[in-house]
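Shown next: query_3.tsv, containing TSV, C-alpha atoms.
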chain	number	residue	atom	x	y	z
A	14	MET	CA	18.07	23.60	-12.41
A	15	ASN	CA	15.64	21.41	-10.47
A	16	ARG	CA	14.04	22.58	-7.22
A	17	VAL	CA	15.89	20.14	-4.92
A	18	ARG	CA	19.27	21.28	-6.26
A	19	LYS	CA	18.25	24.91	-5.79
A	20	GLN	CA	17.17	24.30	-2.22
A	21	VAL	CA	20.44	22.54	-1.38
A	22	LEU	CA	22.44	25.44	-2.84
A	23	MET	CA	20.22	27.99	-1.04
A	24	SER	CA	20.74	26.18	2.27
A	25	LEU	CA	24.52	25.94	1.83
A	26	SER	CA	24.70	29.59	0.71
A	27	SER	CA	23.83	30.68	4.25
A	28	GLY	CA	26.65	28.53	5.65
A	29	ALA	CA	28.02	24.99	5.84
A	30	LYS	CA	25.51	22.39	6.99
A	31	SER	CA	25.39	18.89	8.42
A	32	PHE	CA	23.33	16.23	6.69
A	33	TRP	CA	20.62	16.65	9.34
A	34	GLU	CA	20.42	20.40	8.80
A	35	LEU	CA	20.09	19.87	5.06
A	36	ILE	CA	17.16	17.49	5.59
A	37	ASN	CA	15.38	20.27	7.47
A	38	GLY	CA	16.19	22.83	4.80
A	39	VAL	CA	15.20	20.86	1.71
A	40	ASP	CA	11.64	19.81	0.89
A	41	THR	CA	12.20	16.34	-0.51
A	42	SER	CA	12.62	12.69	0.41
A	43	ILE	CA	15.81	11.28	1.92
A	44	PHE	CA	16.58	9.29	-1.23
A	45	GLU	CA	16.14	12.30	-3.52
A	46	LEU	CA	18.38	14.39	-1.25
A	47	VAL	CA	21.11	11.72	-1.20
A	48	LYS	CA	21.00	11.48	-5.01
A	49	CYS	CA	21.25	15.25	-5.34
A	50	LEU	CA	24.21	15.47	-2.94
A	51	ASP	CA	25.97	12.67	-4.79
A	52	ALA	CA	25.58	14.56	-8.07
A	53	LEU	CA	26.74	17.88	-6.58
A	54	ILE	CA	29.81	16.31	-4.95
A	55	SER	CA	30.70	14.47	-8.19
A	56	ALA	CA	30.39	17.75	-10.13
A	57	GLY	CA	32.67	19.56	-7.67
A	58	VAL	CA	29.91	21.99	-6.67
A	59	VAL	CA	29.73	20.74	-3.06
A	60	ARG	CA	32.38	19.18	-0.85
A	61	LEU	CA	32.02	17.08	2.30
A	62	ARG	CA	34.58	17.40	5.07
A	63	GLY	CA	34.30	16.21	8.66
A	64	GLY	CA	30.61	15.49	8.30
A	65	ILE	CA	29.87	19.00	6.99
A	66	PHE	CA	28.68	19.93	3.49
A	67	GLU	CA	29.78	23.25	2.01
A	68	LEU	CA	29.82	25.04	-1.31
A	69	ALA	CA	33.02	24.40	-3.21
A	70	ARG	CA	32.41	27.16	-5.77
A	71	PRO	CA	31.38	30.66	-4.62
A	72	GLU	CA	29.71	31.38	-7.96
A	73	GLU	CA	27.04	28.79	-7.09
A	74	ARG	CA	25.85	30.88	-4.14
A	75	MET	CA	22.12	31.73	-4.12
A	76	PHE	CA	20.00	34.12	-2.06
A	77	SER	CA	18.74	32.49	1.14
A	78	ALA	CA	16.52	33.83	3.96
A	79	GLU	CA	15.11	32.37	7.18
A	80	THR	CA	11.31	32.58	7.06
A	81	ARG	CA	10.21	30.20	9.80
A	82	CYS	CA	8.44	31.75	12.81
A	83	GLU	CA	10.34	30.90	15.99
A	84	CYS	CA	7.33	31.42	18.30
A	85	CYS	CA	5.27	28.52	16.90
A	86	LYS	CA	8.13	26.39	15.48
A	87	GLY	CA	6.97	27.40	12.01
A	88	THR	CA	3.63	25.61	12.41
A	89	GLY	CA	1.29	28.61	12.53
A	90	THR	CA	-0.47	27.15	15.60
A	91	SER	CA	-0.02	28.39	19.18
A	92	ILE	CA	-0.62	26.20	22.24
A	93	LYS	CA	-0.79	29.13	24.67
A	94	SER	CA	-4.49	28.51	25.40
A	95	PHE	CA	-3.72	24.83	26.07
A	96	GLU	CA	-0.86	25.27	28.58
A	97	SER	CA	-2.83	23.57	31.39
A	98	VAL	CA	-3.66	20.65	29.07
A	99	TYR	CA	0.00	20.41	28.08
A	100	LYS	CA	1.13	20.21	31.71
A	101	LYS	CA	-1.51	17.61	32.57
A	102	TYR	CA	-0.70	15.54	29.50
A	103	CYS	CA	3.02	15.52	30.35
A	104	GLU	CA	2.19	14.20	33.82
A	105	LEU	CA	-0.26	11.58	32.57
A	106	VAL	CA	2.12	10.04	30.03
A	107	LYS	CA	5.03	9.55	32.41
A	108	GLY	CA	5.90	5.87	32.43
A	109	ARG	CA	4.36	5.32	28.99
A	110	PRO	CA	5.41	2.22	27.02
A	111	LEU	CA	8.22	3.10	24.62
A	112	PRO	CA	8.56	1.84	21.03
A	113	VAL	CA	9.92	-1.70	20.80
A	114	VAL	CA	12.91	-2.19	18.51
A	115	GLY	CA	12.17	-4.95	16.02
A	116	SER	CA	14.43	-6.54	13.41
A	117	GLY	CA	17.04	-4.59	11.48
A	118	TYR	CA	16.61	-0.84	11.77
A	119	LYS	CA	12.87	-0.88	12.40
A	120	TYR	CA	10.62	-0.34	15.38
A	121	GLU	CA	7.97	-2.97	16.00
A	122	TYR	CA	4.65	-1.91	14.43
A	123	ASP	CA	6.49	1.06	12.84
A	124	GLN	CA	6.11	2.95	16.11
A	125	GLY	CA	7.36	6.47	16.71
A	126	ILE	CA	6.61	9.23	19.21
A	127	ILE	CA	6.21	12.93	18.50
A	128	PHE	CA	7.20	15.50	21.11
A	129	GLU	CA	4.66	16.39	23.79
A	130	ASP	CA	4.19	20.00	22.66
A	131	ASP	CA	3.52	18.78	19.12
A	132	VAL	CA	0.79	16.47	20.42
A	133	ILE	CA	-0.90	19.46	22.06
A	134	ARG	CA	-0.39	21.49	18.89
A	135	ARG	CA	-2.36	18.87	16.99
A	136	VAL	CA	-5.11	19.02	19.63
A	137	ALA	CA	-5.18	22.84	19.44
A	138	PHE	CA	-5.57	22.72	15.67
A	139	MET	CA	-8.36	20.15	15.91
A	140	HIS	CA	-10.16	22.46	18.34
A	141	ALA	CA	-9.72	25.45	16.02
A	142	ARG	CA	-11.40	23.50	13.21
A	143	GLY	CA	-14.43	22.68	15.38
A	144	ASP	CA	-13.64	18.99	15.69
A	145	LEU	CA	-13.30	18.56	19.49
A	146	ASN	CA	-16.33	20.02	21.24
A	147	ASP	CA	-18.91	17.31	22.01
A	148	SER	CA	-17.37	15.03	19.36
A	149	GLU	CA	-17.15	11.25	19.28
A	150	ILE	CA	-13.59	10.51	18.20
A	151	ILE	CA	-11.89	7.30	17.06
A	152	VAL	CA	-8.09	7.00	17.17
A	153	VAL	CA	-6.59	4.19	15.08
A	154	GLY	CA	-3.08	3.51	16.36
A	155	ASP	CA	-1.96	5.73	19.22
A	156	ASP	CA	1.82	5.68	19.69
A	157	ASP	CA	1.64	9.40	20.50
A	158	LEU	CA	-1.17	9.01	23.08
A	159	MET	CA	-3.23	11.65	21.27
A	160	SER	CA	-6.29	10.12	22.91
A	161	VAL	CA	-5.01	11.05	26.36
A	162	ALA	CA	-4.31	14.63	25.26
A	163	ILE	CA	-7.79	14.97	23.72
A	164	ALA	CA	-9.38	13.53	26.86
A	165	ALA	CA	-7.41	15.96	29.03
A	166	THR	CA	-9.16	18.90	27.33
A	167	GLY	CA	-12.53	17.73	28.66
A	168	LEU	CA	-14.11	18.73	25.33
A	169	ALA	CA	-14.77	15.42	23.57
A	170	LYS	CA	-17.90	13.39	24.24
A	171	ARG	CA	-16.26	10.00	23.67
A	172	ILE	CA	-12.86	8.71	22.56
A	173	LEU	CA	-12.18	5.17	21.36
A	174	VAL	CA	-8.67	3.90	20.62
A	175	LEU	CA	-7.95	0.91	18.38
A	176	GLU	CA	-4.33	-0.11	18.93
A	177	ILE	CA	-2.29	-3.24	18.10
A	178	ASP	CA	0.17	-2.88	21.01
A	179	GLU	CA	-1.32	-4.47	24.14
A	180	ARG	CA	0.99	-2.36	26.35
A	181	LEU	CA	-0.47	0.88	24.99
A	182	VAL	CA	-4.03	-0.44	25.31
A	183	ASN	CA	-3.47	-1.26	28.97
A	184	PHE	CA	-1.74	2.06	29.65
A	185	ILE	CA	-4.51	4.13	28.04
A	186	ASN	CA	-7.25	2.25	29.90
A	187	LYS	CA	-5.37	2.67	33.18
A	188	VAL	CA	-5.15	6.45	32.66
A	189	ALA	CA	-8.80	6.63	31.59
A	190	THR	CA	-9.96	4.83	34.73
A	191	ALA	CA	-7.77	6.89	37.05
A	192	GLU	CA	-8.91	10.19	35.53
A	193	ASN	CA	-12.53	9.17	34.83
A	194	PHE	CA	-12.06	10.11	31.16
A	195	PRO	CA	-14.67	9.20	28.50
A	196	LEU	CA	-11.88	7.14	26.92
A	197	GLU	CA	-11.42	3.45	26.19
A	198	ALA	CA	-8.88	1.41	24.24
A	199	GLU	CA	-9.19	-1.96	22.51
A	200	GLU	CA	-6.62	-4.23	20.93
A	201	TYR	CA	-6.99	-4.20	17.14
A	202	ASP	CA	-4.96	-5.15	14.07
A	203	VAL	CA	-5.76	-2.87	11.13
A	204	ARG	CA	-5.66	-5.89	8.81
A	205	GLU	CA	-8.82	-7.17	10.47
A	206	ARG	CA	-12.35	-6.13	9.58
A	207	LEU	CA	-13.64	-3.15	11.56
A	208	PRO	CA	-16.06	-4.41	14.25
A	209	THR	CA	-19.71	-3.84	13.26
A	210	GLY	CA	-20.57	-1.68	16.27
A	211	MET	CA	-17.91	0.87	15.33
A	212	ARG	CA	-19.04	1.54	11.77
A	213	GLY	CA	-20.54	4.95	11.09
A	214	GLY	CA	-20.50	5.97	14.74
A	215	PHE	CA	-17.87	8.72	14.98
A	216	ASP	CA	-17.62	12.39	14.10
A	217	VAL	CA	-13.81	12.52	13.82
A	218	PHE	CA	-10.89	10.15	13.30
A	219	VAL	CA	-7.21	10.57	14.17
A	220	THR	CA	-4.43	8.32	12.88
A	221	ASP	CA	-0.80	8.20	11.80
A	222	PRO	CA	-0.98	5.64	8.99
A	223	LEU	CA	1.74	3.43	7.62
A	224	GLU	CA	3.23	5.04	4.53
A	225	THR	CA	3.27	1.94	2.36
A	226	VAL	CA	0.46	1.88	-0.21
A	227	VAL	CA	-1.52	-0.96	1.35
A	228	GLY	CA	-0.79	0.34	4.87
A	229	PHE	CA	-2.09	3.82	4.08
A	230	GLU	CA	-5.16	2.46	2.32
A	231	LEU	CA	-5.98	0.15	5.22
A	232	PHE	CA	-5.62	2.77	7.96
A	233	LEU	CA	-7.65	5.35	6.07
A	234	SER	CA	-10.29	2.82	5.02
A	235	ARG	CA	-10.85	1.66	8.61
A	236	CYS	CA	-10.98	5.25	9.83
A	237	ALA	CA	-13.36	6.28	7.05
A	238	GLU	CA	-15.67	3.34	7.68
A	239	ALA	CA	-15.99	4.45	11.31
A	240	LEU	CA	-17.14	7.98	10.35
A	241	LYS	CA	-20.63	9.40	10.22
A	242	PRO	CA	-21.56	11.19	6.96
A	243	TYR	CA	-19.77	14.54	6.67
A	244	GLY	CA	-17.27	13.51	9.35
A	245	ALA	CA	-13.66	14.75	9.47
A	246	GLY	CA	-10.27	13.17	9.99
A	247	PHE	CA	-6.67	14.01	10.86
A	248	PHE	CA	-3.44	12.19	10.00
A	249	GLY	CA	0.27	12.75	9.46
A	250	LEU	CA	2.40	12.10	6.37
A	251	THR	CA	6.08	12.69	5.84
A	252	ARG	CA	8.03	14.06	2.90
A	253	VAL	CA	11.31	12.70	4.22
A	254	GLU	CA	10.04	9.18	3.45
A	255	LEU	CA	7.76	9.85	0.50
A	256	PRO	CA	8.35	11.29	-2.97
A	257	LEU	CA	5.59	13.55	-4.31
A	258	ALA	CA	4.38	10.76	-6.59
A	259	ARG	CA	3.38	8.82	-3.46
A	260	TRP	CA	1.55	11.85	-2.03
A	261	GLN	CA	-0.29	12.17	-5.33
A	262	LEU	CA	-1.32	8.51	-5.18
A	263	PHE	CA	-2.58	8.96	-1.62
A	264	GLU	CA	-4.48	12.14	-2.50
A	265	LYS	CA	-6.23	10.37	-5.38
A	266	PHE	CA	-7.16	7.56	-3.00
A	267	LEU	CA	-8.65	10.09	-0.55
A	268	LEU	CA	-10.71	11.67	-3.34
A	269	ASP	CA	-11.95	8.24	-4.43
A	270	MET	CA	-13.17	7.62	-0.86
A	271	ASN	CA	-15.18	10.87	-1.02
A	272	PHE	CA	-12.80	12.96	1.11
A	273	VAL	CA	-11.62	16.47	0.37
A	274	ILE	CA	-8.34	17.76	1.84
A	275	THR	CA	-9.08	20.96	3.76
A	276	ASP	CA	-5.65	21.54	5.34
A	277	ILE	CA	-2.02	20.43	5.01
A	278	LEU	CA	0.23	21.87	7.72
A	279	LYS	CA	3.83	21.36	6.61
A	280	ASP	CA	6.33	19.81	9.07
A	281	PHE	CA	3.80	20.16	11.87
A	282	SER	CA	5.10	17.34	14.09
A	283	SER	CA	8.65	16.32	15.05
A	284	TYR	CA	9.68	12.82	16.11
A	285	ALA	CA	12.07	12.09	18.94
A	286	HIS	CA	13.60	8.94	17.41
A	287	GLY	CA	15.19	10.99	14.65
A	288	ILE	CA	17.45	12.47	17.31
A	289	GLU	CA	18.07	9.29	19.28
A	290	ASN	CA	18.87	6.92	16.40
A	291	PRO	CA	19.51	9.06	13.33
A	292	LEU	CA	21.40	6.57	11.16
A	293	GLU	CA	18.99	3.76	11.99
A	294	GLY	CA	16.16	6.11	11.05
A	295	ILE	CA	17.63	6.80	7.63
A	296	LYS	CA	18.26	3.13	6.90
A	297	ASP	CA	14.73	2.28	8.00
A	298	ILE	CA	13.35	4.84	5.55
A	299	LEU	CA	15.54	3.75	2.66
A	300	SER	CA	14.93	0.02	3.14
A	301	THR	CA	11.13	0.23	3.45
A	302	TYR	CA	10.28	1.12	-0.14
A	303	ASP	CA	13.10	-0.12	-2.34
A	304	LYS	CA	16.26	-1.99	-1.33
A	305	LYS	CA	18.07	-0.19	-4.15
A	306	HIS	CA	17.69	3.06	-2.19
A	307	LEU	CA	19.61	1.62	0.77
A	308	GLU	CA	22.22	0.07	-1.55
A	309	PHE	CA	22.76	3.48	-3.20
A	310	PHE	CA	23.21	5.16	0.20
A	311	GLU	CA	25.70	2.53	1.36
A	312	LYS	CA	27.56	2.72	-1.96
A	313	MET	CA	28.11	6.45	-1.41
A	314	LYS	CA	29.83	5.54	1.89
A	315	LEU	CA	28.22	8.50	3.63
A	316	GLU	CA	27.49	6.70	6.89
A	317	GLN	CA	30.76	7.26	8.75
A	318	GLU	CA	31.16	10.77	7.37
A	319	ILE	CA	27.72	12.17	8.18
A	320	MET	CA	27.74	10.60	11.66
A	321	ARG	CA	30.74	12.74	12.59
A	322	VAL	CA	28.13	15.40	13.34
A	323	LYS	CA	25.05	14.38	15.33
A	324	PRO	CA	21.68	16.09	14.74
A	325	LYS	CA	21.08	19.04	17.05
A	326	GLU	CA	17.36	19.32	16.38
A	327	PRO	CA	14.61	17.01	15.06
A	328	TRP	CA	14.84	16.21	11.37
A	329	TYR	CA	12.15	13.53	11.04
A	330	LYS	CA	8.90	15.47	10.70
A	331	SER	CA	5.41	14.93	9.37
A	332	SER	CA	2.83	17.24	7.87
A	333	PHE	CA	-0.63	17.25	9.44
A	334	PHE	CA	-3.60	16.65	7.15
A	335	ARG	CA	-7.26	17.40	7.78
A	336	VAL	CA	-9.81	15.75	5.51
A	337	GLU	CA	-13.59	15.99	5.44
A	338	LEU	CA	-16.22	13.72	3.97
A	339	VAL	CA	-18.43	15.06	1.21
A	340	GLY	CA	-21.51	12.94	1.90
A	341	GLU	CA	-21.23	9.17	2.33
A	342	VAL	CA	-17.88	7.46	2.62
A	343	ARG	CA	-16.58	4.95	0.06
A	344	PRO	CA	-13.86	2.90	1.85
A	345	LYS	CA	-11.63	0.86	-0.45
A	346	HIS	CA	-11.08	-1.97	2.05
A	347	ILE	CA	-13.84	-3.42	4.22
A	348	GLY	CA	-12.90	-7.07	4.73
A	349	ARG	CA	-9.82	-8.69	6.24
A	350	ILE	CA	-6.45	-8.24	4.51
A	351	SER	CA	-3.58	-10.70	5.00
A	352	GLY	CA	0.16	-10.29	4.54
A	353	ASP	CA	2.82	-7.73	5.36
A	354	VAL	CA	1.67	-4.10	5.40
A	355	TYR	CA	4.91	-2.62	6.75
A	356	THR	CA	7.05	-2.87	3.62
A	357	GLU	CA	6.33	-2.49	-0.07
A	358	ALA	CA	5.92	-5.69	-2.07
Would it be possible to restate this file's structure as structure tokens?
Amino acid sequence: MNRVRKQVLMSLSSGAKSFWELINGVDTSIFELVKCLDALISAGVVRLRGGIFELARPEERMFSAETRCECCKGTGTSIKSFESVYKKYCELVKGRPLPVVGSGYKYEYDQGIIFEDDVIRRVAFMHARGDLNDSEIIVVGDDDLMSVAIAATGLAKRILVLEIDERLVNFINKVATAENFPLEAEEYDVRERLPTGMRGGFDVFVTDPLETVVGFELFLSRCAEALKPYGAGFFGLTRVELPLARWQLFEKFLLDMNFVITDILKDFSSYAHGIENPLEGIKDILSTYDKKHLEFFEKMKLEQEIMRVKPKEPWYKSSFFRVELVGEVRPKHIGRISGDVYTEA
């Protein structure tokens, strides 16, 4: 019995679940979960009625227990010491530019926003690892306005944001001027060469990279090139989009660049758009990497059934990585890269 099947049965053993609840209870990608559910329904082990999945055979029941801490949302990181920063951040980001819907199911620039308390949780973890105090920090892509949250702590020496969306650049600079923060933002496309003056000048990077192969390599290469020797970096990666084989590929790439992974905090950040547009979110995920994934989902005719029950809590989450340079960096990409980085070739 494979692990995904066991986790589905464990989750359903504690009670019937919606599709969205199963995503939260099973540690796998959307496509792998859909394939597993298809097999279980075909075998008569699971049935789907009114948008709810349930065990069809009591003998398949498995022991299940809730182990997530409710106080910290299961993250292991408290933001109690950052309550004043949280309140200030929430005020500062009012009126922020929202993600722009592009073609099909996608947001322009693959944008997405994590909840405000999760932004502060990231900041709190960065502080705990010694990466905020008197640090020069570069943020590559800032849909979440992490730069504003970091600036609001008053701990960082300098924060530079490189962002493709002109609206976000203008918003960040407006906040920085009004609050006299050591923060500035510049318009930048990650496909372009990193400006000379930014290379090797920062202690820490923060980014949420694209999860295509070339997208991930580009974001991490630009971030790495900006670091001083022995610098550190933070980024998010999902499991809901990526099979473990993709994580393995990314981890090998990080090692090749002379990084070591010091921390992986599972499901550390939750995204609001998973609640607002759940079906669009799933189709976006399935269509990004292989059109056959989306075709399989549509062939199962799950859409109408699973949408009978809307998600009650966030299901699109990312794990938070911390990496650290062991000596000099070895970025894979230095020059300009052309072409589409948002979907797999």
Query raised in the report: Which neighbours of Trp328 in chain A fall inside 8 Å, counting all atoms listed in the file, when residues of the same chain fewer than 4 positions from it are skipped, and could you give them as JSON, numbers by chain?
Result: {"A": [33, 34, 36, 37, 283, 284, 287, 288, 324]}
Query - Sphere at (10.9, 21.6, -6.2), radius 8 Å, counting all atoms listed in the file: residues as a PyMOL selection string - result: chain A and resi 15-17+20+40-41
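The shortest atom-to-atom distance to Lys296 in chain A, with only C-alpha atoms taken into account, belongs to A:Ile43 out of A:Ile92, A:Ile163, A:Ile43, A:Ala239.
With all atoms listed in the file as the basis for measurement, A:Lys241 is the residue among A:Arg321, A:Lys312, A:Lys241, A:Lys107 that approaches Val339 in chain A most closely.
Closest approach to Glu311 in chain A from the set A:Pro222, A:Val47, A:Lys19, A:His346 is made by A:Val47, with distances taken over all atoms listed in the file.
Excluding Ala137 in chain A itself and same-chain residues fewer than 4 positions from it, the residues having an atom within 8 Å of it are Thr90, Ser91, Ile92, Phe95, Ile133 and Ala141 of chain A, counting only C-alpha atoms.
Between Thr251 in chain A and the residues A:Asp269, A:Glu72, A:Glu224, A:Glu341, the shortest atom-to-atom distance, using all atoms listed in the file, involves A:Glu224.
Residues having any atom no farther than 8 Å from (20.9, 26.6, -3.0) (counting only C-alpha atoms) are Arg18, Lys19, Gln20, Val21, Leu22, Met23, Ser24, Leu25, Ser26, Glu73, Arg74, Met75, Phe76 and Ser77 of chain A.
CA of Ile185 in chain A sits 18.5 Å away from CA of Arg135 in chain A.
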Report summary line: Pairwise distance, CA of Asp130 in chain A with CA of Tyr99 in chain A, equals 6.9 Å
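With distances taken over all atoms listed in the file, A:Ser31 is the one residue among A:Thr80, A:Ser351, A:Ser42, A:Ser31 lying closest to Glu318 in chain A.
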Query raised in the report: Could you pull the residues within 12 Å of Lys314 in chain A, counting only C-alpha atoms, minus those fewer than 4 positions along the same chain, as an MDAnalysis selection string?
Result: chainID A and resid 47 51 61 64 307:310 318:320
Report task. Mind giving me the straight-line distance from CA of Val219 in chain A to CA of Asp178 in chain A in Å, one decimal? Result -> 16.8 Å
Query raised in the report: Could you pull the residues within 10 Å of Val106 in chain A, counting all atoms listed in the file, minus those fewer than 5 positions along the same chain, as a ChimeraX atom specification?
Result: /A:101,129,157-158,161-162,184-185,188
Query - Residue contacts of Gly87 in chain A (10 Å, all atoms listed in the file) excluding same-chain residues fewer than 3 positions away, as a ChimeraX atom specification - result: /A:80-84,90,278-281
Within 12 Å of range 199-207 of chain A, which residues of range 95-164 of chain A come that close, and what is the closest atom pair and distance in Å for each? Count all atoms listed in the file and give it as CSV.
residue,atom,partner,partner_atom,distance
A:Tyr122,CA,A:Asp202,CA,10.1
A:Ile151,CA,A:Glu199,CA,11.1
A:Val152,CA,A:Glu199,CA,10.5
A:Val153,CA,A:Val203,CA,8.1
A:Gly154,CA,A:Val203,CA,8.7
A:Asp155,CA,A:Glu199,CA,11.1
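Residue nearest Leu46 in chain A, chosen from A:Ala165, A:Val253, A:Leu240, A:Val336 and counting only C-alpha atoms: A:Val253.
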Please write a file for range 194-219 of chain A, taken from the block I just shared, that holds N, CA and C atoms and is laid out as an mmCIF file, in the first residue's frame.
data_model
loop_
_atom_site.group_PDB
_atom_site.id
_atom_site.type_symbol
_atom_site.label_atom_id
_atom_site.label_comp_id
_atom_site.auth_asym_id
_atom_site.auth_seq_id
_atom_site.Cartn_x
_atom_site.Cartn_y
_atom_site.Cartn_z
ATOM 1 N N PHE A 194 11.429 54.327 5.626
ATOM 2 C CA PHE A 194 12.051 53.008 5.743
ATOM 3 C C PHE A 194 13.324 52.952 4.895
ATOM 4 N N PRO A 195 14.302 52.130 5.292
ATOM 5 C CA PRO A 195 15.485 51.892 4.455
ATOM 6 C C PRO A 195 15.141 50.867 3.371
ATOM 7 N N LEU A 196 14.169 51.213 2.551
ATOM 8 C CA LEU A 196 13.552 50.285 1.603
ATOM 9 C C LEU A 196 13.378 50.963 0.268
ATOM 10 N N GLU A 197 13.726 50.269 -0.813
ATOM 11 C CA GLU A 197 13.497 50.781 -2.159
ATOM 12 C C GLU A 197 13.128 49.625 -3.080
ATOM 13 N N ALA A 198 12.364 49.943 -4.112
ATOM 14 C CA ALA A 198 11.937 48.923 -5.072
ATOM 15 C C ALA A 198 12.261 49.376 -6.483
ATOM 16 N N GLU A 199 12.659 48.426 -7.328
ATOM 17 C CA GLU A 199 12.968 48.698 -8.726
ATOM 18 C C GLU A 199 12.261 47.678 -9.608
ATOM 19 N N GLU A 200 11.878 48.136 -10.800
ATOM 20 C CA GLU A 200 11.244 47.234 -11.754
ATOM 21 C C GLU A 200 12.305 46.303 -12.349
ATOM 22 N N TYR A 201 11.999 45.018 -12.385
ATOM 23 C CA TYR A 201 12.996 44.046 -12.851
ATOM 24 C C TYR A 201 12.306 42.776 -13.321
ATOM 25 N N ASP A 202 12.742 42.277 -14.473
ATOM 26 C CA ASP A 202 12.286 41.002 -15.021
ATOM 27 C C ASP A 202 13.391 39.977 -14.764
ATOM 28 N N VAL A 203 13.062 38.890 -14.092
ATOM 29 C CA VAL A 203 14.065 37.912 -13.686
ATOM 30 C C VAL A 203 14.789 37.281 -14.870
ATOM 31 N N ARG A 204 14.244 37.429 -16.068
ATOM 32 C CA ARG A 204 14.921 36.907 -17.256
ATOM 33 C C ARG A 204 16.124 37.763 -17.660
ATOM 34 N N GLU A 205 16.171 38.980 -17.125
ATOM 35 C CA GLU A 205 17.270 39.883 -17.450
ATOM 36 C C GLU A 205 18.468 39.653 -16.526
ATOM 37 N N ARG A 206 19.620 40.044 -16.988
ATOM 38 C CA ARG A 206 20.847 39.945 -16.208
ATOM 39 C C ARG A 206 20.718 40.792 -14.937
ATOM 40 N N LEU A 207 21.240 40.303 -13.824
ATOM 41 C CA LEU A 207 21.217 41.074 -12.584
ATOM 42 C C LEU A 207 22.141 42.281 -12.732
ATOM 43 N N PRO A 208 21.647 43.486 -12.425
ATOM 44 C CA PRO A 208 22.495 44.684 -12.545
ATOM 45 C C PRO A 208 23.797 44.539 -11.755
ATOM 46 N N THR A 209 24.886 45.034 -12.329
ATOM 47 C CA THR A 209 26.227 44.860 -11.756
ATOM 48 C C THR A 209 26.316 45.324 -10.313
ATOM 49 N N GLY A 210 25.736 46.467 -10.004
ATOM 50 C CA GLY A 210 25.838 47.034 -8.657
ATOM 51 C C GLY A 210 25.168 46.223 -7.580
ATOM 52 N N MET A 211 24.375 45.224 -7.962
ATOM 53 C CA MET A 211 23.654 44.416 -6.975
ATOM 54 C C MET A 211 24.354 43.091 -6.684
ATOM 55 N N ARG A 212 25.364 42.768 -7.436
ATOM 56 C CA ARG A 212 26.008 41.462 -7.288
ATOM 57 C C ARG A 212 26.907 41.420 -6.050
ATOM 58 N N GLY A 213 26.711 40.387 -5.252
ATOM 59 C CA GLY A 213 27.554 40.180 -4.079
ATOM 60 C C GLY A 213 27.417 41.232 -2.998
ATOM 61 N N GLY A 214 26.261 41.903 -2.940
ATOM 62 C CA GLY A 214 26.122 42.999 -1.984
ATOM 63 C C GLY A 214 25.170 42.771 -0.832
ATOM 64 N N PHE A 215 24.569 41.566 -0.729
ATOM 65 C CA PHE A 215 23.521 41.357 0.262
ATOM 66 C C PHE A 215 23.812 40.164 1.170
ATOM 67 N N ASP A 216 23.329 40.284 2.399
ATOM 68 C CA ASP A 216 23.509 39.216 3.384
ATOM 69 C C ASP A 216 22.450 38.132 3.246
ATOM 70 N N VAL A 217 21.242 38.536 2.810
ATOM 71 C CA VAL A 217 20.077 37.628 2.819
ATOM 72 C C VAL A 217 19.222 37.897 1.584
ATOM 73 N N PHE A 218 18.658 36.828 1.019
ATOM 74 C CA PHE A 218 17.636 37.014 -0.016
ATOM 75 C C PHE A 218 16.325 36.386 0.436
ATOM 76 N N VAL A 219 15.229 36.920 -0.126
ATOM 77 C CA VAL A 219 13.887 36.368 0.085
ATOM 78 C C VAL A 219 13.208 36.315 -1.271
#
